[in-house]
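As stored in query04.cif (mmCIF, C-alpha atoms and all ligand atoms):
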```
data_upload
loop_
_atom_site.group_PDB
_atom_site.id
_atom_site.type_symbol
_atom_site.label_atom_id
_atom_site.label_comp_id
_atom_site.auth_asym_id
_atom_site.auth_seq_id
_atom_site.Cartn_x
_atom_site.Cartn_y
_atom_site.Cartn_z
ATOM 1 C CA MET A 1 38.330 23.431 156.592
ATOM 2 C CA LYS A 2 34.745 24.627 156.587
ATOM 3 C CA ALA A 3 32.497 25.211 159.610
ATOM 4 C CA TYR A 4 28.807 24.415 159.204
ATOM 5 C CA PRO A 5 26.551 25.996 161.827
ATOM 6 C CA ILE A 6 23.833 23.760 163.236
ATOM 7 C CA ALA A 7 20.462 25.252 164.082
ATOM 8 C CA GLU A 8 19.982 23.374 167.330
ATOM 9 C CA THR A 9 22.853 22.081 169.448
ATOM 10 C CA ARG A 10 22.744 18.474 170.591
ATOM 11 C CA PHE A 11 24.756 16.316 172.978
ATOM 12 C CA VAL A 12 26.216 14.514 169.964
ATOM 13 C CA GLU A 13 27.011 10.822 170.290
ATOM 14 C CA GLY A 14 27.010 9.612 166.689
ATOM 15 C CA LEU A 15 27.490 11.029 163.205
ATOM 16 C CA GLU A 16 27.298 9.288 159.835
ATOM 17 C CA PHE A 17 26.347 10.159 156.263
ATOM 18 C CA ILE A 18 23.423 8.319 154.728
ATOM 19 C CA ASP A 19 24.009 9.901 151.313
ATOM 20 C CA GLU A 20 25.918 12.816 149.790
ATOM 21 C CA THR A 21 23.838 15.554 151.428
ATOM 22 C CA HIS A 22 22.195 13.927 154.445
ATOM 23 C CA LEU A 23 23.941 13.520 157.735
ATOM 24 C CA MET A 24 22.555 11.354 160.514
ATOM 25 C CA MET A 25 23.233 12.570 164.041
ATOM 26 C CA SER A 26 22.368 10.757 167.256
ATOM 27 C CA SER A 27 22.443 12.506 170.599
ATOM 28 C CA GLY A 28 22.189 11.746 174.280
ATOM 29 C CA SER A 29 21.037 13.057 177.663
ATOM 30 C CA TYR A 30 18.030 11.726 179.576
ATOM 31 C CA GLY A 31 14.941 13.477 178.278
ATOM 32 C CA ASN A 32 16.738 15.010 175.306
ATOM 33 C CA SER A 33 18.043 12.145 173.162
ATOM 34 C CA HIS A 34 17.349 12.396 169.460
ATOM 35 C CA LEU A 35 17.995 10.874 166.110
ATOM 36 C CA ASP A 36 18.201 13.684 163.550
ATOM 37 C CA ILE A 37 18.823 13.843 159.830
ATOM 38 C CA LEU A 38 20.505 17.092 158.749
ATOM 39 C CA ASP A 39 20.699 18.601 155.287
ATOM 40 C CA ILE A 40 24.282 19.806 154.838
ATOM 41 C CA GLU A 41 23.331 22.059 151.902
ATOM 42 C CA THR A 42 21.272 24.449 154.001
ATOM 43 C CA ASP A 43 22.831 27.175 156.123
ATOM 44 C CA PRO A 44 22.544 26.555 159.029
ATOM 45 C CA MET A 45 22.165 22.814 158.598
ATOM 46 C CA GLU A 46 18.458 22.159 158.679
ATOM 47 C CA THR A 47 16.970 19.174 160.492
ATOM 48 C CA ILE A 48 14.759 17.457 157.955
ATOM 49 C CA LYS A 49 13.719 14.589 160.189
ATOM 50 C CA SER A 50 13.891 14.169 163.947
ATOM 51 C CA VAL A 51 12.856 11.420 166.329
ATOM 52 C CA GLN A 52 12.989 11.819 170.092
ATOM 53 C CA ILE A 53 13.995 8.784 172.128
ATOM 54 C CA SER A 54 12.048 7.783 175.249
ATOM 55 C CA ASP A 55 13.071 9.820 178.336
ATOM 56 C CA ILE A 56 14.348 6.746 180.151
ATOM 57 C CA TYR A 57 17.156 6.230 177.610
ATOM 58 C CA PHE A 58 20.392 8.114 177.032
ATOM 59 C CA GLY A 59 21.073 7.938 173.296
ATOM 60 C CA GLU A 60 24.508 6.909 172.069
ATOM 61 C CA GLY A 61 26.209 5.934 168.793
ATOM 62 C CA VAL A 62 24.383 5.332 165.544
ATOM 63 C CA THR A 63 25.008 3.663 162.213
ATOM 64 C CA TYR A 64 23.084 3.313 158.980
ATOM 65 C CA VAL A 65 23.337 -0.089 157.307
ATOM 66 C CA PRO A 66 23.023 0.524 153.558
ATOM 67 C CA GLU A 67 22.418 -3.173 152.812
ATOM 68 C CA THR A 68 19.086 -3.057 154.669
ATOM 69 C CA GLY A 69 18.332 0.661 154.788
ATOM 70 C CA GLU A 70 18.040 0.340 158.556
ATOM 71 C CA THR A 71 19.456 2.569 161.250
ATOM 72 C CA ILE A 72 20.651 1.153 164.562
ATOM 73 C CA MET A 73 21.184 3.345 167.612
ATOM 74 C CA LEU A 74 22.759 2.437 170.942
ATOM 75 C CA THR A 75 21.772 3.606 174.390
ATOM 76 C CA TYR A 76 24.206 4.162 177.241
ATOM 77 C CA ARG A 77 23.472 1.999 180.303
ATOM 78 C CA LYS A 78 20.083 0.351 179.861
ATOM 79 C CA ARG A 79 21.397 -2.419 177.563
ATOM 80 C CA LYS A 80 19.060 -1.434 174.758
ATOM 81 C CA ALA A 81 19.609 -0.596 171.132
ATOM 82 C CA PHE A 82 16.956 0.429 168.647
ATOM 83 C CA ARG A 83 16.359 -0.576 165.069
ATOM 84 C CA PHE A 84 14.662 1.982 162.821
ATOM 85 C CA ASN A 85 13.383 1.590 159.269
ATOM 86 C CA GLN A 86 14.109 4.028 156.442
ATOM 87 C CA ASP A 87 11.386 6.396 157.706
ATOM 88 C CA LEU A 88 13.021 6.354 161.175
ATOM 89 C CA GLU A 89 10.124 4.377 162.616
ATOM 90 C CA LEU A 90 11.168 2.162 165.515
ATOM 91 C CA ILE A 91 10.781 -1.438 164.376
ATOM 92 C CA GLU A 92 12.672 -3.401 167.032
ATOM 93 C CA GLU A 93 14.292 -3.102 170.451
ATOM 94 C CA LEU A 94 17.544 -5.041 170.737
ATOM 95 C CA THR A 95 19.419 -6.186 173.829
ATOM 96 C CA ILE A 96 23.094 -5.215 174.084
ATOM 97 C CA PRO A 97 25.121 -8.353 175.000
ATOM 98 C CA SER A 98 26.464 -8.334 178.577
ATOM 99 C CA MET A 99 30.110 -8.456 177.447
ATOM 100 C CA ILE A 100 29.668 -4.924 176.095
ATOM 101 C CA LYS A 101 29.909 -2.771 179.237
ATOM 102 C CA GLU A 102 27.964 0.254 177.999
ATOM 103 C CA GLY A 103 26.781 1.590 174.665
ATOM 104 C CA TRP A 104 29.208 4.204 173.321
ATOM 105 C CA GLY A 105 30.041 4.426 169.592
ATOM 106 C CA MET A 106 29.083 2.465 166.502
ATOM 107 C CA THR A 107 29.911 2.058 162.829
ATOM 108 C CA HIS A 108 29.393 -0.732 160.299
ATOM 109 C CA ILE A 109 31.914 -2.867 158.428
ATOM 110 C CA ASP A 110 30.860 -5.109 155.529
ATOM 111 C CA GLY A 111 27.405 -5.736 156.959
ATOM 112 C CA ASP A 112 28.530 -6.165 160.575
ATOM 113 C CA LEU A 113 28.261 -3.546 163.274
ATOM 114 C CA LEU A 114 31.282 -2.410 165.266
ATOM 115 C CA VAL A 115 30.539 -1.168 168.800
ATOM 116 C CA SER A 116 32.700 0.626 171.388
ATOM 117 C CA ASP A 117 31.926 0.533 175.118
ATOM 118 C CA GLY A 118 34.409 2.990 176.662
ATOM 119 C CA SER A 119 37.107 0.379 177.123
ATOM 120 C CA GLN A 120 39.888 -0.564 174.675
ATOM 121 C CA MET A 121 37.601 -3.208 173.117
ATOM 122 C CA LEU A 122 35.674 -2.945 169.879
ATOM 123 C CA TYR A 123 33.012 -5.602 169.276
ATOM 124 C CA TYR A 124 31.737 -6.906 165.979
ATOM 125 C CA VAL A 125 27.994 -7.446 166.340
ATOM 126 C CA ASP A 126 25.610 -9.196 163.956
ATOM 127 C CA PRO A 127 23.014 -6.574 162.957
ATOM 128 C CA GLU A 128 20.187 -9.135 162.854
ATOM 129 C CA THR A 129 20.748 -11.133 166.064
ATOM 130 C CA PHE A 130 22.750 -8.422 167.864
ATOM 131 C CA GLU A 131 25.170 -11.074 169.090
ATOM 132 C CA ILE A 132 28.937 -10.558 169.276
ATOM 133 C CA THR A 133 30.812 -12.322 166.490
ATOM 134 C CA SER A 134 34.368 -11.211 167.353
ATOM 135 C CA SER A 135 36.323 -8.405 168.954
ATOM 136 C CA ILE A 136 39.518 -6.405 168.687
ATOM 137 C CA ALA A 137 41.538 -4.555 171.321
ATOM 138 C CA VAL A 138 42.893 -1.094 170.522
ATOM 139 C CA THR A 139 46.569 -0.704 171.348
ATOM 140 C CA ASP A 140 49.022 2.140 170.979
ATOM 141 C CA ASN A 141 52.653 0.999 170.907
ATOM 142 C CA GLY A 142 51.599 -2.238 172.595
ATOM 143 C CA ARG A 143 49.648 -0.556 175.397
ATOM 144 C CA PRO A 144 45.863 -0.604 175.726
ATOM 145 C CA LEU A 145 44.123 2.582 174.653
ATOM 146 C CA THR A 146 40.811 3.022 176.453
ATOM 147 C CA ARG A 147 37.800 5.371 176.242
ATOM 148 C CA ILE A 148 37.395 4.746 172.525
ATOM 149 C CA ASN A 149 34.192 6.548 171.652
ATOM 150 C CA GLU A 150 32.585 7.523 168.323
ATOM 151 C CA LEU A 151 33.617 5.379 165.367
ATOM 152 C CA GLU A 152 33.788 5.564 161.604
ATOM 153 C CA HIS A 153 34.915 2.840 159.228
ATOM 154 C CA VAL A 154 36.626 4.038 156.046
ATOM 155 C CA ASN A 155 38.398 1.813 153.519
ATOM 156 C CA GLY A 156 39.924 -0.700 155.895
ATOM 157 C CA LYS A 157 40.649 1.731 158.720
ATOM 158 C CA ILE A 158 38.671 2.635 161.805
ATOM 159 C CA TYR A 159 38.584 6.262 162.849
ATOM 160 C CA ALA A 160 37.724 6.993 166.459
ATOM 161 C CA ASN A 161 37.794 9.791 168.934
ATOM 162 C CA VAL A 162 38.827 9.249 172.524
ATOM 163 C CA PHE A 163 36.559 10.551 175.275
ATOM 164 C CA GLN A 164 37.823 13.877 176.677
ATOM 165 C CA LEU A 165 40.753 14.122 174.266
ATOM 166 C CA ASP A 166 41.074 16.317 171.173
ATOM 167 C CA THR A 167 42.518 13.353 169.333
ATOM 168 C CA LEU A 168 41.231 11.500 166.320
ATOM 169 C CA LEU A 169 42.714 8.025 165.955
ATOM 170 C CA GLU A 170 43.280 6.079 162.779
ATOM 171 C CA ILE A 171 43.223 2.410 163.756
ATOM 172 C CA ASN A 172 44.255 -0.616 161.699
ATOM 173 C CA MET A 173 41.831 -3.521 161.530
ATOM 174 C CA ASP A 174 44.030 -5.477 163.985
ATOM 175 C CA GLY A 175 43.508 -2.752 166.610
ATOM 176 C CA THR A 176 46.911 -1.094 166.393
ATOM 177 C CA VAL A 177 46.869 2.688 166.202
ATOM 178 C CA ALA A 178 48.280 3.800 162.852
ATOM 179 C CA GLN A 179 48.042 7.557 163.257
ATOM 180 C CA LYS A 180 46.849 10.255 165.649
ATOM 181 C CA TYR A 181 45.443 13.596 164.555
ATOM 182 C CA ASP A 182 45.320 16.616 166.847
ATOM 183 C CA LEU A 183 41.938 18.357 166.507
ATOM 184 C CA SER A 184 42.365 20.835 169.370
ATOM 185 C CA ASP A 185 41.913 23.761 166.924
ATOM 186 C CA LEU A 186 38.223 22.864 166.622
ATOM 187 C CA LEU A 187 37.524 23.364 170.319
ATOM 188 C CA LYS A 188 39.433 26.661 170.108
ATOM 189 C CA GLN A 189 37.097 27.748 167.297
ATOM 190 C CA GLU A 190 34.053 26.853 169.384
ATOM 191 C CA LYS A 191 35.397 28.905 172.285
ATOM 192 C CA GLN A 192 36.125 31.829 169.967
ATOM 193 C CA TYR A 193 32.566 31.674 168.628
ATOM 194 C CA LEU A 194 31.183 31.831 172.168
ATOM 195 C CA ARG A 195 33.417 34.785 173.032
ATOM 196 C CA ASP A 196 32.390 36.602 169.836
ATOM 197 C CA HIS A 197 28.727 36.103 170.708
ATOM 198 C CA GLY A 198 28.974 37.109 174.344
ATOM 199 C CA LEU A 199 28.462 33.543 175.501
ATOM 200 C CA ASN A 200 30.500 32.301 178.385
ATOM 201 C CA TRP A 201 32.536 29.177 177.807
ATOM 202 C CA SER A 202 33.106 28.730 181.547
ATOM 203 C CA SER A 203 29.384 28.026 181.975
ATOM 204 C CA TYR A 204 29.902 24.999 179.780
ATOM 205 C CA ASP A 205 30.621 21.570 181.146
ATOM 206 C CA HIS A 206 34.298 21.153 180.309
ATOM 207 C CA ALA A 207 34.276 17.449 181.097
ATOM 208 C CA ASN A 208 31.440 16.754 178.714
ATOM 209 C CA ASN A 209 31.350 19.335 175.919
ATOM 210 C CA VAL A 210 34.149 17.525 174.167
ATOM 211 C CA LEU A 211 34.995 16.299 170.703
ATOM 212 C CA ASN A 212 32.579 13.552 169.627
ATOM 213 C CA GLY A 213 31.200 12.684 166.224
ATOM 214 C CA ILE A 214 33.011 11.570 163.066
ATOM 215 C CA ALA A 215 31.397 11.074 159.680
ATOM 216 C CA TYR A 216 33.298 10.355 156.481
ATOM 217 C CA HIS A 217 32.038 12.132 153.360
ATOM 218 C CA GLU A 218 33.214 9.845 150.565
ATOM 219 C CA TRP A 219 32.165 12.276 147.799
ATOM 220 C CA THR A 220 34.794 14.828 148.874
ATOM 221 C CA ASP A 221 37.154 12.535 150.815
ATOM 222 C CA THR A 222 36.699 14.687 153.902
ATOM 223 C CA PHE A 223 35.541 14.125 157.472
ATOM 224 C CA PHE A 224 32.756 15.958 159.263
ATOM 225 C CA VAL A 225 33.488 16.178 162.991
ATOM 226 C CA THR A 226 31.795 17.859 165.909
ATOM 227 C CA GLY A 227 31.454 17.755 169.689
ATOM 228 C CA LYS A 228 28.830 17.553 172.398
ATOM 229 C CA ASN A 229 26.696 20.704 172.370
ATOM 230 C CA TRP A 230 28.993 22.343 169.845
ATOM 231 C CA HIS A 231 27.564 25.005 167.516
ATOM 232 C CA PHE A 232 29.358 23.785 164.398
ATOM 233 C CA ILE A 233 30.132 20.679 162.453
ATOM 234 C CA TYR A 234 33.593 21.026 160.912
ATOM 235 C CA GLN A 235 34.578 19.597 157.565
ATOM 236 C CA ILE A 236 38.253 18.628 157.599
ATOM 237 C CA ARG A 237 40.725 16.740 155.465
ATOM 238 C CA LEU A 238 43.178 14.499 157.276
ATOM 239 C CA ASN A 239 46.759 14.527 156.068
HETATM 240 CA CA CA A 301 30.489 7.858 162.862
#
```
Let me see the file written as structure tokens.
Amino acid sequence: MKAYPIAETRFVEGLEFIDETHLMMSSGSYGNSHLDILDIETDPMETIKSVQISDIYFGEGVTYVPETGETIMLTYRKRKAFRFNQDLELIEELTIPSMIKEGWGMTHIDGDLLVSDGSQMLYYVDPETFEITSSIAVTDNGRPLTRINELEHVNGKIYANVFQLDTLLEINMDGTVAQKYDLSDLLKQEKQYLRDHGLNWSSYDHANNVLNGIAYHEWTDTFFVTGKNWHFIYQIRLN
């Protein structure tokens, strides 16, 4: 495992690679939501492009659609998503369908988007019309598993973290949970870093500064994961 420091902490809501060295990161909070592109080869990771989202929106998950070169970013409760071109210029505002309760996480699968809304449901959404085409329910041993948050699609599996848990899920395409990974060591490392630097973890918001953000790095077969307002992005291998 390797820990990459990030120059400026963000309330991370989405993480995805756009190429071997560039990591897209979306973040939330009213008045402080951004879409950033980080260079993973600099130390700390340098932001090479940054767009701030209008103060009235709370940014959420993001995905880059290689087929079109476009980036789509969700917002939390205002039923809006944004379409950006390759230069991260806003080109369209999209309306989140009413069946999707809130905007949480997003990834893309074979040209479709996959959106989570904090429930057990994952919705396939057409990236052009932004209409729902189908859905799947996440279940663990036959029981619904809710609060599915950030998503990442990798080779026929969906990886997801669960809000307020240190768990990374590997989900089959039919919604059944195939595997669970315990990532609690990462939060321990964050806490250790704060202690080592005289920063007080107790001043942090324990309910919110949780694991969130999964990006698969296909060139090394590793995952880059982080959390909300964390100081590092961790590169891990799942096994
Ligand atoms: Ca992701």
Could you give me, as JSON, numbers by chain, the residues that have an atom at most 6 Å away from the point (21.5, 14.7, 160.9) in the coordinates of the file, using only C-alpha atoms? {"A": [23, 24, 25, 36, 37, 38]}
Of the listed residues A:Ala178, A:Leu186, A:Ile6, A:Leu165, that which approaches A:Pro44 most closely, counting only C-alpha atoms: A:Ile6
Taking only C-alpha atoms and all ligand atoms into account, list the residues no farther than 8 Å from ligand CA 301 (chain A), as a ChimeraX atom specification. /A:14-16,61-63,105-107,150-153,213-216
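Distances to A:Ile72 were evaluated for A:Val125, A:Ile148, A:Leu199, A:Ile48 using all atoms listed in the file, and the minimum falls at A:Val125.
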Output check: residues returned by the PyMOL selection byres (((chain A and resi 7) around 9) and not hetatm), as a PyMOL selection string: chain A and resi 5-6+8-9+43-47+231
Write the residues of the selection above to a file with C-alpha atoms, as an mmCIF file, in the coordinates of the input.
```cif
data_model
loop_
_atom_site.group_PDB
_atom_site.id
_atom_site.type_symbol
_atom_site.label_atom_id
_atom_site.label_comp_id
_atom_site.auth_asym_id
_atom_site.auth_seq_id
_atom_site.Cartn_x
_atom_site.Cartn_y
_atom_site.Cartn_z
ATOM 1 C CA PRO A 5 26.551 25.996 161.827
ATOM 2 C CA ILE A 6 23.833 23.760 163.236
ATOM 3 C CA GLU A 8 19.982 23.374 167.330
ATOM 4 C CA THR A 9 22.853 22.081 169.448
ATOM 5 C CA ASP A 43 22.831 27.175 156.123
ATOM 6 C CA PRO A 44 22.544 26.555 159.029
ATOM 7 C CA MET A 45 22.165 22.814 158.598
ATOM 8 C CA GLU A 46 18.458 22.159 158.679
ATOM 9 C CA THR A 47 16.970 19.174 160.492
ATOM 10 C CA HIS A 231 27.564 25.005 167.516
#
```
With distances taken over only C-alpha atoms, the candidate from A:Gln52, A:Thr139, A:Gln189, A:Thr68 nearest A:Asp110 is A:Thr68
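When the PyMOL selection byres (((chain A and resi 2) around 7) and not hetatm) is evaluated against the file, it yields Met1, Ala3, Tyr4, Tyr234 and Gln235 of chain A.
Candidate residues A:Asn149, A:Gln192, A:Asn141, A:Thr21 were compared for distance to A:Tyr76, and the nearest is A:Asn149, using all atoms listed in the file.
Considering only C-alpha atoms, the residue among A:Leu74, A:Ala160, A:Val210, A:Leu35 positioned nearest to A:Glu190 is A:Val210.
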Return the single residue from A:Gly28, A:Gly156, A:Gly175, A:Gly103 that is closest to A:Ile136, with distances computed using all atoms listed in the file. A:Gly175
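Note that the spacing between atom CA of A:Val115 and atom CA of A:Lys188 amounts to 29.2 Å.
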Hey, what's within 6 Å of A:Gln120 if we count only C-alpha atoms and toss same-chain stuff fewer than 6 positions away? As an NGL selection string, please? :A and (137-138 or 145-146)
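The spacing separating atom CA of A:Asn32 from atom CA of A:Lys228 amounts to 12.7 Å.
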Output of the PyMOL selection byres (((chain A and resi 221) around 12) and not hetatm), listed as an mmCIF file with C-alpha atoms, keeping the file's coordinate frame:
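Dumped to result_39.cif:
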```cif
data_model
loop_
_atom_site.group_PDB
_atom_site.id
_atom_site.type_symbol
_atom_site.label_atom_id
_atom_site.label_comp_id
_atom_site.auth_asym_id
_atom_site.auth_seq_id
_atom_site.Cartn_x
_atom_site.Cartn_y
_atom_site.Cartn_z
ATOM 1 C CA GLU A 20 25.918 12.816 149.790
ATOM 2 C CA VAL A 154 36.626 4.038 156.046
ATOM 3 C CA ASN A 155 38.398 1.813 153.519
ATOM 4 C CA ALA A 215 31.397 11.074 159.680
ATOM 5 C CA TYR A 216 33.298 10.355 156.481
ATOM 6 C CA HIS A 217 32.038 12.132 153.360
ATOM 7 C CA GLU A 218 33.214 9.845 150.565
ATOM 8 C CA TRP A 219 32.165 12.276 147.799
ATOM 9 C CA THR A 220 34.794 14.828 148.874
ATOM 10 C CA THR A 222 36.699 14.687 153.902
ATOM 11 C CA PHE A 223 35.541 14.125 157.472
ATOM 12 C CA PHE A 224 32.756 15.958 159.263
ATOM 13 C CA GLN A 235 34.578 19.597 157.565
ATOM 14 C CA ILE A 236 38.253 18.628 157.599
ATOM 15 C CA ARG A 237 40.725 16.740 155.465
ATOM 16 C CA LEU A 238 43.178 14.499 157.276
ATOM 17 C CA ASN A 239 46.759 14.527 156.068
#
```
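Across the structure, atom CA of A:His22 and atom CA of A:Glu89 are spaced 17.4 Å apart.
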Would you save stretch 44-64 of chain A to a file, keeping C-alpha atoms, as an mmCIF file, in the first residue's frame?
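Output contents, as saved in decode_35.cif:
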```
data_model
loop_
_atom_site.group_PDB
_atom_site.id
_atom_site.type_symbol
_atom_site.label_atom_id
_atom_site.label_comp_id
_atom_site.auth_asym_id
_atom_site.auth_seq_id
_atom_site.Cartn_x
_atom_site.Cartn_y
_atom_site.Cartn_z
ATOM 1 C CA PRO A 44 1.816 15.898 -2.974
ATOM 2 C CA MET A 45 -0.716 15.250 -5.711
ATOM 3 C CA GLU A 46 -1.023 18.498 -7.591
ATOM 4 C CA THR A 47 -4.365 19.821 -8.812
ATOM 5 C CA ILE A 48 -3.876 20.547 -12.488
ATOM 6 C CA LYS A 49 -7.433 21.637 -13.169
ATOM 7 C CA SER A 50 -10.201 22.714 -10.823
ATOM 8 C CA VAL A 51 -13.763 23.879 -11.329
ATOM 9 C CA GLN A 52 -15.911 25.179 -8.494
ATOM 10 C CA ILE A 53 -19.598 24.303 -8.565
ATOM 11 C CA SER A 54 -22.256 26.950 -7.880
ATOM 12 C CA ASP A 55 -22.781 27.569 -4.130
ATOM 13 C CA ILE A 56 -26.373 26.361 -4.261
ATOM 14 C CA TYR A 57 -25.298 22.797 -5.128
ATOM 15 C CA PHE A 58 -23.705 20.077 -3.025
ATOM 16 C CA GLY A 59 -21.459 18.098 -5.369
ATOM 17 C CA GLU A 60 -21.667 14.314 -5.405
ATOM 18 C CA GLY A 61 -20.391 11.392 -7.506
ATOM 19 C CA VAL A 62 -18.620 11.767 -10.819
ATOM 20 C CA THR A 63 -17.765 9.648 -13.827
ATOM 21 C CA TYR A 64 -15.807 10.174 -17.015
#
```
